[in-house]
$ cat final_29.cif   # mmCIF, C-alpha atoms
data_protein
loop_
_atom_site.label_atom_id
_atom_site.label_comp_id
_atom_site.auth_asym_id
_atom_site.auth_seq_id
_atom_site.Cartn_x
_atom_site.Cartn_y
_atom_site.Cartn_z
CA MET A 1 -6.77 -12.76 1.71
CA SER A 2 -9.12 -15.62 0.74
CA ASP A 3 -8.16 -18.95 2.28
CA ASN A 4 -7.25 -21.60 -0.25
CA ASN A 5 -5.67 -25.00 0.34
CA ASN A 6 -3.31 -24.45 -2.58
CA THR A 7 -1.64 -21.53 -0.80
CA LEU A 8 -1.03 -23.21 2.56
CA ASN A 9 2.62 -24.01 1.75
CA ILE A 10 3.34 -20.64 0.13
CA PRO A 11 4.90 -17.84 2.23
CA ARG A 12 2.60 -14.94 3.02
CA LEU A 13 4.39 -11.61 2.84
CA ASN A 14 3.09 -8.28 4.04
CA PHE A 15 3.91 -5.12 2.10
CA LYS A 16 7.20 -4.40 3.90
CA ASP A 17 8.48 -7.98 3.71
CA PHE A 18 7.48 -8.31 0.05
CA VAL A 19 9.40 -5.17 -0.92
CA ASP A 20 12.41 -6.08 1.25
CA VAL A 21 12.66 -9.68 0.01
CA VAL A 22 11.91 -9.24 -3.69
CA SER A 23 14.04 -6.11 -4.15
CA VAL A 24 17.26 -7.98 -3.31
CA MET A 25 16.66 -10.98 -5.59
CA PRO A 26 18.96 -11.44 -8.59
CA PRO A 27 17.41 -10.46 -11.96
CA ASN A 28 17.35 -14.04 -13.25
CA ILE A 29 14.83 -15.08 -10.57
CA SER A 30 11.23 -14.53 -11.70
CA VAL A 31 8.54 -13.75 -9.12
CA LEU A 32 4.98 -15.07 -9.08
CA CYS A 33 2.79 -13.20 -6.60
CA PHE A 34 -0.75 -14.26 -5.70
CA GLY A 35 -3.21 -11.98 -3.93
CA ASP A 36 -6.84 -10.90 -3.76
CA HIS A 37 -8.04 -8.30 -6.25
CA GLY A 38 -7.55 -4.67 -5.26
CA ILE A 39 -5.18 -5.51 -2.41
CA GLY A 40 -2.20 -3.55 -3.72
CA LYS A 41 -0.02 -6.00 -5.67
CA SER A 42 0.76 -3.48 -8.42
CA ALA A 43 1.48 -0.76 -5.86
CA ALA A 44 3.96 -3.10 -4.16
CA VAL A 45 5.80 -3.74 -7.43
CA LYS A 46 5.94 0.01 -8.06
CA ALA A 47 7.39 0.43 -4.56
CA ILE A 48 10.14 -2.07 -5.42
CA ALA A 49 10.97 -0.20 -8.63
CA LYS A 50 11.09 3.06 -6.70
CA LYS A 51 13.32 1.57 -4.00
CA MET A 52 15.71 0.20 -6.61
CA GLY A 53 15.59 3.35 -8.72
CA VAL A 54 14.66 1.46 -11.90
CA GLU A 55 11.93 1.62 -14.55
CA MET A 56 8.81 -0.52 -14.33
CA ARG A 57 6.94 -1.59 -17.47
CA ASP A 58 3.37 -2.62 -16.77
CA VAL A 59 1.83 -5.27 -19.07
CA ARG A 60 -1.85 -6.04 -18.35
CA LEU A 61 -2.50 -9.53 -19.69
CA ALA A 62 -6.30 -9.64 -19.51
CA GLY A 63 -7.74 -9.10 -22.98
CA ARG A 64 -4.37 -9.38 -24.70
CA ASP A 65 -3.77 -11.46 -27.82
CA PRO A 66 -0.76 -13.76 -28.11
CA GLY A 67 0.72 -11.33 -30.64
CA ASP A 68 0.79 -8.63 -27.96
CA ILE A 69 3.16 -10.82 -25.94
CA ILE A 70 5.29 -12.70 -28.47
CA GLY A 71 5.11 -10.09 -31.25
CA LEU A 72 3.52 -10.18 -34.69
CA PRO A 73 4.96 -12.34 -37.48
CA GLU A 74 6.55 -10.88 -40.60
CA LYS A 75 7.84 -12.61 -43.73
CA VAL A 76 11.45 -11.73 -44.50
CA LYS A 77 13.29 -12.62 -47.69
CA THR A 78 16.90 -13.71 -47.24
CA ALA A 79 19.56 -15.46 -49.30
CA ASP A 80 18.23 -18.76 -47.95
CA GLY A 81 14.69 -17.98 -48.98
CA ASN A 82 11.64 -16.64 -47.18
CA HIS A 83 11.57 -16.78 -43.37
CA THR A 84 9.06 -15.78 -40.73
CA VAL A 85 10.37 -13.53 -37.97
CA TYR A 86 8.52 -11.99 -35.04
CA ASN A 87 8.68 -8.29 -34.29
CA THR A 88 9.38 -7.62 -30.64
CA PRO A 89 6.39 -6.06 -28.81
CA SER A 90 6.56 -2.52 -27.44
CA TRP A 91 7.05 -3.63 -23.83
CA PHE A 92 10.21 -5.61 -24.65
CA PRO A 93 13.38 -3.64 -23.74
CA LEU A 94 15.90 -3.72 -26.58
CA ASP A 95 18.67 -1.76 -24.87
CA GLU A 96 21.09 -4.38 -23.52
CA ASN A 97 21.90 -2.06 -20.59
CA TRP A 98 18.26 -1.64 -19.59
CA ASP A 99 17.74 -2.11 -15.84
CA GLY A 100 14.18 -2.54 -14.64
CA ILE A 101 11.09 -4.60 -13.92
CA ILE A 102 8.60 -6.03 -16.41
CA HIS A 103 5.37 -6.48 -14.48
CA PHE A 104 2.86 -8.90 -16.03
CA ASP A 105 -0.43 -8.30 -14.26
CA GLU A 106 -3.80 -10.13 -14.26
CA PHE A 107 -2.08 -13.36 -15.23
CA ASN A 108 -5.00 -15.52 -14.11
CA ARG A 109 -7.35 -13.64 -16.45
CA ALA A 110 -5.11 -14.05 -19.49
CA HIS A 111 -6.10 -16.37 -22.34
CA LYS A 112 -4.34 -19.73 -22.18
CA ASP A 113 -2.51 -18.99 -25.45
CA VAL A 114 -1.17 -15.76 -23.93
CA ARG A 115 0.10 -17.63 -20.87
CA ASN A 116 1.74 -20.25 -23.07
CA GLY A 117 3.43 -17.48 -25.02
CA MET A 118 5.15 -16.33 -21.84
CA PHE A 119 6.93 -19.61 -21.14
CA GLN A 120 10.12 -18.75 -23.00
CA ILE A 121 10.20 -15.28 -21.43
CA VAL A 122 10.12 -16.77 -17.94
CA TYR A 123 12.19 -19.90 -18.60
CA ASP A 124 14.94 -18.57 -20.85
CA LYS A 125 14.67 -14.79 -20.39
CA GLN A 126 14.33 -14.33 -24.13
CA LEU A 127 11.77 -14.01 -26.90
CA TYR A 128 12.70 -16.26 -29.81
CA GLU A 129 16.31 -15.30 -30.60
CA THR A 130 16.20 -11.96 -28.75
CA LYS A 131 17.43 -12.11 -25.17
CA LEU A 132 16.17 -9.88 -22.41
CA PRO A 133 18.76 -7.48 -20.95
CA ALA A 134 20.76 -9.08 -18.14
CA LYS A 135 19.20 -6.77 -15.54
CA ALA A 136 15.60 -7.21 -16.69
CA ARG A 137 13.41 -8.70 -13.96
CA THR A 138 10.10 -10.43 -14.66
CA TYR A 139 7.35 -10.29 -12.02
CA ILE A 140 3.93 -11.86 -12.51
CA CYS A 141 0.92 -10.96 -10.36
CA SER A 142 -2.21 -13.06 -10.27
CA ASN A 143 -5.54 -12.79 -8.46
CA TYR A 144 -6.30 -15.84 -6.42
CA GLY A 145 -9.25 -17.21 -4.50
CA GLU A 146 -12.50 -19.06 -4.76
CA ASP A 147 -14.26 -16.04 -6.25
CA TYR A 148 -12.38 -16.24 -9.55
CA GLU A 149 -12.84 -18.50 -12.54
CA VAL A 150 -9.25 -19.40 -13.33
CA ASP A 151 -7.53 -22.38 -14.86
CA GLU A 152 -5.16 -24.27 -12.59
CA LEU A 153 -1.64 -23.08 -13.25
CA ASP A 154 0.73 -25.70 -14.59
CA PRO A 155 2.95 -26.93 -11.73
CA ALA A 156 5.90 -27.05 -14.15
CA PHE A 157 5.32 -23.35 -14.83
CA VAL A 158 5.00 -22.40 -11.15
CA ASP A 159 8.18 -24.34 -10.38
CA ARG A 160 10.22 -21.70 -12.26
CA PHE A 161 9.37 -18.88 -9.83
CA PHE A 162 9.86 -17.54 -6.38
CA VAL A 163 6.20 -17.86 -5.32
CA CYS A 164 4.47 -15.90 -2.56
CA VAL A 165 1.07 -14.73 -1.37
CA PHE A 166 0.83 -10.97 -0.97
CA ASP A 167 -0.97 -10.29 2.32
CA PRO A 168 -0.46 -6.67 3.45
CA THR A 169 -1.74 -5.59 6.86
CA VAL A 170 -4.42 -2.98 7.51
CA ASP A 171 -1.88 -0.85 9.41
CA GLU A 172 0.39 -0.85 6.36
CA TRP A 173 -2.47 0.45 4.22
CA LEU A 174 -3.28 3.15 6.78
CA ALA A 175 0.39 4.19 6.89
CA TRP A 176 0.46 4.34 3.09
CA GLY A 177 -2.78 6.31 3.05
CA ARG A 178 -1.42 8.89 5.47
CA GLU A 179 1.84 9.37 3.60
CA GLU A 180 2.03 8.54 -0.11
CA GLY A 181 -1.64 7.76 -0.75
CA ASN A 182 -3.04 11.08 0.49
CA VAL A 183 -6.21 9.22 1.49
CA HIS A 184 -9.08 11.39 2.74
CA PRO A 185 -9.02 11.68 6.57
CA SER A 186 -12.62 10.45 6.89
CA VAL A 187 -11.64 7.16 5.23
CA LEU A 188 -8.55 6.80 7.43
CA GLN A 189 -10.57 7.46 10.57
CA PHE A 190 -13.27 4.97 9.61
CA ILE A 191 -10.84 2.17 8.73
CA ALA A 192 -8.74 2.77 11.85
CA VAL A 193 -11.72 1.73 14.01
CA ASN A 194 -13.31 -0.68 11.51
CA LYS A 195 -10.31 -2.62 10.22
CA SER A 196 -12.38 -5.56 9.02
CA MET A 197 -14.14 -3.23 6.56
CA LEU A 198 -11.02 -2.57 4.48
CA ASP A 199 -11.19 -5.85 2.57
CA GLY A 200 -14.64 -7.18 1.73
CA LYS A 201 -15.62 -10.43 0.07
CA ALA A 202 -15.80 -10.12 -3.71
CA GLN A 203 -19.21 -10.85 -5.26
CA LYS A 204 -19.92 -10.89 -8.97
CA GLY A 205 -22.00 -7.96 -10.08
CA PHE A 206 -21.68 -6.13 -6.74
CA CYS A 207 -19.57 -3.25 -5.48
CA THR A 208 -17.53 -4.42 -2.50
CA PRO A 209 -15.01 -2.68 -0.26
CA THR A 210 -11.41 -3.28 -1.29
CA ARG A 211 -8.28 -1.22 -0.78
CA ARG A 212 -8.64 -0.07 -4.36
CA SER A 213 -12.29 0.96 -3.97
CA TRP A 214 -11.59 2.84 -0.72
CA ASP A 215 -8.81 4.70 -2.52
CA ARG A 216 -11.18 5.50 -5.39
CA LEU A 217 -13.76 6.85 -2.93
CA SER A 218 -11.05 8.95 -1.28
CA GLN A 219 -10.08 10.50 -4.61
CA MET A 220 -13.71 11.49 -5.19
CA LEU A 221 -14.05 13.03 -1.72
CA VAL A 222 -10.82 14.99 -2.14
CA SER A 223 -11.82 16.23 -5.59
CA VAL A 224 -15.08 17.93 -4.48
CA GLY A 225 -13.43 19.96 -1.71
CA ASP A 226 -15.50 21.43 1.11
CA THR A 227 -18.81 19.98 -0.13
CA TRP A 228 -17.71 16.34 0.24
CA LYS A 229 -20.05 15.60 3.17
CA GLU A 230 -23.10 16.34 1.01
CA ARG A 231 -22.20 13.50 -1.35
CA VAL A 232 -20.76 10.87 0.97
CA TYR A 233 -23.46 8.21 0.63
CA MET A 234 -23.82 8.33 -3.16
CA PHE A 235 -20.07 8.35 -3.71
CA ALA A 236 -19.55 5.51 -1.23
CA ALA A 237 -22.41 3.39 -2.61
CA GLY A 238 -20.92 3.52 -6.10
CA CYS A 239 -17.51 2.42 -4.83
CA LEU A 240 -18.23 0.15 -1.87
CA GLY A 241 -21.84 -0.98 -2.22
CA SER A 242 -24.89 0.31 -0.35
CA GLU A 243 -24.38 -1.70 2.85
CA THR A 244 -20.88 -0.37 3.55
CA ALA A 245 -21.91 3.08 2.30
CA LEU A 246 -24.65 3.31 4.95
CA LEU A 247 -22.15 2.52 7.72
CA PHE A 248 -19.59 4.98 6.38
CA ASP A 249 -22.20 7.73 5.94
CA LYS A 250 -23.43 7.20 9.52
CA TYR A 251 -19.87 7.40 10.86
CA VAL A 252 -19.16 10.62 8.98
CA LYS A 253 -22.35 12.29 10.23
CA GLU A 254 -22.15 11.14 13.85
CA GLN A 255 -18.50 10.55 14.75
CA TYR A 256 -16.07 12.04 12.26
CA ARG A 257 -14.03 15.00 13.52
CA GLU A 258 -11.30 16.90 11.77
CA VAL A 259 -8.69 18.85 13.71
CA THR A 260 -5.70 20.26 11.85
CA GLY A 261 -2.12 20.03 13.01
CA GLU A 262 -2.01 23.81 13.19
CA GLU A 263 -4.95 23.85 15.63
CA VAL A 264 -3.20 21.36 17.92
CA VAL A 265 0.17 23.12 17.88
CA ASN A 266 -1.08 26.69 18.15
CA ASN A 267 -4.46 26.45 19.89
CA PHE A 268 -4.56 23.18 21.81
CA ASP A 269 -6.67 24.55 24.68
CA LYS A 270 -9.41 25.78 22.32
CA VAL A 271 -10.19 22.32 20.93
CA LYS A 272 -13.08 20.44 22.60
CA TRP A 273 -11.08 17.27 23.22
CA ASP A 274 -13.59 15.63 25.58
CA GLU A 275 -15.96 15.10 22.66
CA PHE A 276 -13.68 12.66 20.84
CA LYS A 277 -10.35 12.06 22.63
CA ASN A 278 -11.28 8.42 23.29
CA ASP A 279 -11.96 7.71 19.61
CA LEU A 280 -8.96 5.78 18.29
CA GLY A 281 -9.63 6.61 14.64
CA ILE A 282 -10.04 10.34 15.19
CA MET A 283 -6.99 10.66 17.42
CA THR A 284 -4.82 8.64 15.05
CA SER A 285 -5.91 10.92 12.20
CA ILE A 286 -5.18 14.06 14.22
CA THR A 287 -1.76 12.67 15.18
CA ASP A 288 -0.99 12.31 11.47
CA ASN A 289 -2.05 15.93 10.92
CA VAL A 290 0.31 17.06 13.68
CA VAL A 291 3.22 15.09 12.21
CA LYS A 292 2.70 16.64 8.79
CA TYR A 293 2.36 20.15 10.21
CA ILE A 294 5.51 20.17 12.35
CA LYS A 295 7.72 18.49 9.76
CA ASN A 296 10.75 20.67 8.99
CA LYS A 297 9.40 23.52 11.13
CA LYS A 298 10.98 25.22 14.11
CA MET A 299 8.71 25.22 17.15
CA THR A 300 8.46 27.84 19.89
CA ASP A 301 8.44 26.81 23.56
CA LYS A 302 4.67 27.39 23.65
CA GLN A 303 4.15 25.14 20.63
CA ILE A 304 6.28 22.39 22.14
CA GLU A 305 4.21 22.68 25.32
CA ASN A 306 1.04 22.18 23.27
CA ILE A 307 2.54 19.11 21.62
CA LYS A 308 3.28 17.69 25.07
CA LYS A 309 -0.33 18.32 26.13
CA PHE A 310 -1.50 16.53 23.01
CA LEU A 311 0.74 13.53 23.70
CA LEU A 312 -0.74 13.30 27.18
CA ILE A 313 -4.28 12.72 25.91
CA LEU A 314 -3.22 10.06 23.40
CA LYS A 315 -3.58 6.39 24.16
CA PRO A 316 -0.20 4.70 24.72
CA GLU A 317 -0.59 2.55 21.59
CA ILE A 318 -0.95 5.68 19.44
CA ILE A 319 2.13 7.28 21.00
CA ASN A 320 4.20 4.15 20.46
CA LYS A 321 2.94 3.61 16.91
CA PHE A 322 3.44 7.27 16.09
CA TYR A 323 6.98 7.16 17.48
CA LYS A 324 7.93 4.07 15.49
CA GLU A 325 6.38 5.11 12.18
CA HIS A 326 7.50 8.72 12.05
CA ASP A 327 11.16 9.67 12.17
CA ASN A 328 10.54 13.05 13.74
CA THR A 329 13.71 14.64 15.11
CA LEU A 330 11.80 17.49 16.76
CA ILE A 331 9.64 15.19 18.88
CA TYR A 332 12.58 12.95 19.70
CA ASP A 333 15.15 15.65 20.54
CA LYS A 334 12.90 18.26 22.13
CA ILE A 335 10.47 16.06 24.06
CA PHE A 336 11.31 12.37 24.41
CA VAL A 337 15.07 12.58 25.11
CA PRO A 338 14.96 15.42 27.68
CA ILE A 339 12.05 13.90 29.59
CA MET A 340 13.39 10.34 29.58
CA SER A 341 16.85 11.54 30.61
CA GLY A 342 15.42 13.23 33.68
CA THR A 343 14.86 16.83 32.60
CA VAL A 344 11.44 17.46 34.14
CA LYS A 345 10.52 21.14 34.23
CA SER A 346 6.78 21.04 34.82
CA GLN A 347 3.86 18.90 35.91
CA ILE A 348 3.16 18.18 32.24
CA ASP A 349 6.71 16.83 31.89
CA ALA A 350 6.25 14.66 35.00
CA ASP A 351 2.94 13.25 33.76
CA LEU A 352 4.32 12.61 30.29
CA LYS A 353 7.39 10.88 31.72
CA LYS A 354 5.13 8.38 33.52
CA VAL A 355 3.32 7.63 30.28
CA LEU A 356 6.54 7.19 28.32
CA GLU A 357 8.06 4.97 31.02
CA SER A 358 4.99 2.73 31.01
CA ILE A 359 5.30 2.34 27.22
CA VAL A 360 8.98 1.51 27.49
CA LEU A 361 8.24 -1.18 30.07
CA SER A 362 5.39 -2.71 28.08
CA THR A 363 7.15 -2.69 24.69
CA LYS A 364 10.76 -3.25 25.79
CA GLY A 365 11.67 0.24 24.70
CA PHE A 366 10.99 2.57 21.83
CA VAL A 367 12.57 1.70 18.51
CA LYS A 368 14.06 4.76 16.87
#

$ encode --input "final_29.cif" --output "structure tokens"
Amino acid sequence: MSDNNNTLNIPRLNFKDFVDVVSVMPPNISVLCFGDHGIGKSAAVKAIAKKMGVEMRDVRLAGRDPGDIIGLPEKVKTADGNHTVYNTPSWFPLDENWDGIIHFDEFNRAHKDVRNGMFQIVYDKQLYETKLPAKARTYICSNYGEDYEVDELDPAFVDRFFVCVFDPTVDEWLAWGREEGNVHPSVLQFIAVNKSMLDGKAQKGFCTPTRRSWDRLSQMLVSVGDTWKERVYMFAAGCLGSETALLFDKYVKEQYREVTGEEVVNNFDKVKWDEFKNDLGIMTSITDNVVKYIKNKKMTDKQIENIKKFLLILKPEIINKFYKEHDNTLIYDKIFVPIMSGTVKSQIDADLKKVLESIVLSTKGFVK
């Protein structure tokens, strides 16, 4: 997130805290969220809607006319004469029982007249004489930082909101990429060992690495299937810029390794682990593959033995992180509990127990 003196007294919330805090707010409290471009503000609002089980209506404000927000006027003839009324825009929920989120995005890029047209929506939760449903929530997201040409927001306007800076961690993005995002393993491996490369500094007229551009690159790599390595540099340059693309291309050609969860579980001894077992990015990626492979599967004794061997070559921080992030009953019930409770049947069990005990001592225990 870009440093800015105007955000020093505003709480910075990572992805988890943002979702946890905002999702429990009453509907009458509007939210104003600042954050760098491409950092995942919209994804966080979608996560809140998903958690609450409600609809989200997305209104992009950049390029909109005031009529798109307040509705278009129409002359109506009544007994008192001619009157002008405004038709409600398509995003406005008319069902009084509607329960959901109206997400106004790109607020800083909206025309001043569009922003002014939103005052009544935020202040009074209504548009002219038509009130928003009682359970309608209004969230506004705005890019922020020295790289944007934006007008200063009116303090009287900001005063009507719960205001925060959205500042998700790199680990949160990696966790999202492994689970919901389905991010290409080469991208996950690269970012795991080059965390500073996830969020670049925006420059006008240049491609720069952002969470959004890494995700776009991932989609391209996934879409071309087995031939993705032949196109890495050109794809990356068009998404991230040539400087970052050169580094990513070099990593893919010289360091990237892909081992499936099935290979680990069924053929652990056939993998040439010495070539890459000390590479944090590769081993984290392989751990994710193992988690996905064993999910909801029954394992044989031989397969469980291979999983134990795999755990033994992992760095303690990967084991601990893996344990905390993945609620895996098989690993917990079949490996961790028996070993930590004293059931040691082999040298592998004894070695693994030492590793687990050292993690418990250094982290004050696993958190299930």

$ resolve_selection --input "final_29.cif" --expression "the PyMOL selection byres ((chain A and resi 257-261) around 7)" --output "PyMOL selection string"
chain A and resi 255-256+262-265+282+286+289-290+293

$ closest_residue --input "final_29.cif" --among "A:Lys297, A:Gly40, A:Met283, A:Thr227" --to "Ala192 in chain A" --atoms "all atoms listed in the file"
A:Met283

$ residues_around --input "final_29.cif" --residues "range 178-184 of chain A" --least-positions-apart "5" --cutoff "12 Å" --atoms "all atoms listed in the file" --output "number ranges by chain"
A: 40, 43, 47, 171-173, 189-192, 211-225, 228-229, 232, 252, 256, 258, 284-292, 322, 325-326

$ closest_residue --input "final_29.cif" --among "A:Val31, A:Ile335, A:Ile101, A:Ile319" --to "Tyr123 in chain A" --atoms "only C-alpha atoms"
A:Val31

$ atom_distance --input "final_29.cif" --atom1 "CA of Phe166 in chain A" --atom2 "CA of Phe235 in chain A"
28.6 Å

$ residues_around --input "final_29.cif" --residues "Ala245 in chain A" --least-positions-apart "6" --cutoff "6 Å" --atoms "only C-alpha atoms" --output "MDAnalysis selection string"
chainID A and resid 233 236:237

$ residues_around --input "final_29.cif" --residues "Asn267 in chain A" --least-positions-apart "5" --cutoff "12 Å" --atoms "all atoms listed in the file" --output "list of chain:residue names"
A:Val259, A:Thr260, A:Gly261, A:Glu262, A:Lys272, A:Trp273, A:Lys302, A:Gln303, A:Ile304, A:Glu305, A:Asn306, A:Ile307, A:Lys309, A:Phe310

$ write_last_selection --input "final_29.cif" --atoms "C-alpha atoms" --output "JSON list (two decimals), in the frame of the given file"
[["chain", "number", "residue", "atom", "x", "y", "z"],
["A", 259, "VAL", "CA", -8.69, 18.85, 13.71],
["A", 260, "THR", "CA", -5.70, 20.26, 11.85],
["A", 261, "GLY", "CA", -2.12, 20.03, 13.01],
["A", 262, "GLU", "CA", -2.01, 23.81, 13.19],
["A", 272, "LYS", "CA", -13.08, 20.44, 22.60],
["A", 273, "TRP", "CA", -11.08, 17.27, 23.22],
["A", 302, "LYS", "CA", 4.67, 27.39, 23.65],
["A", 303, "GLN", "CA", 4.15, 25.14, 20.63],
["A", 304, "ILE", "CA", 6.28, 22.39, 22.14],
["A", 305, "GLU", "CA", 4.21, 22.68, 25.32],
["A", 306, "ASN", "CA", 1.04, 22.18, 23.27],
["A", 307, "ILE", "CA", 2.54, 19.11, 21.62],
["A", 309, "LYS", "CA", -0.33, 18.32, 26.13],
["A", 310, "PHE", "CA", -1.50, 16.53, 23.01]]

$ atom_distance --input "final_29.cif" --atom1 "CA of Leu132 in chain A" --atom2 "CA of Gly38 in chain A"
29.7 Å

$ atom_distance --input "final_29.cif" --atom1 "CA of Gly241 in chain A" --atom2 "CA of Thr210 in chain A"
10.7 Å

$ resolve_selection --input "final_29.cif" --expression "the PyMOL selection byres ((chain A and resi 351) around 12)" --output "count of residues only"
21
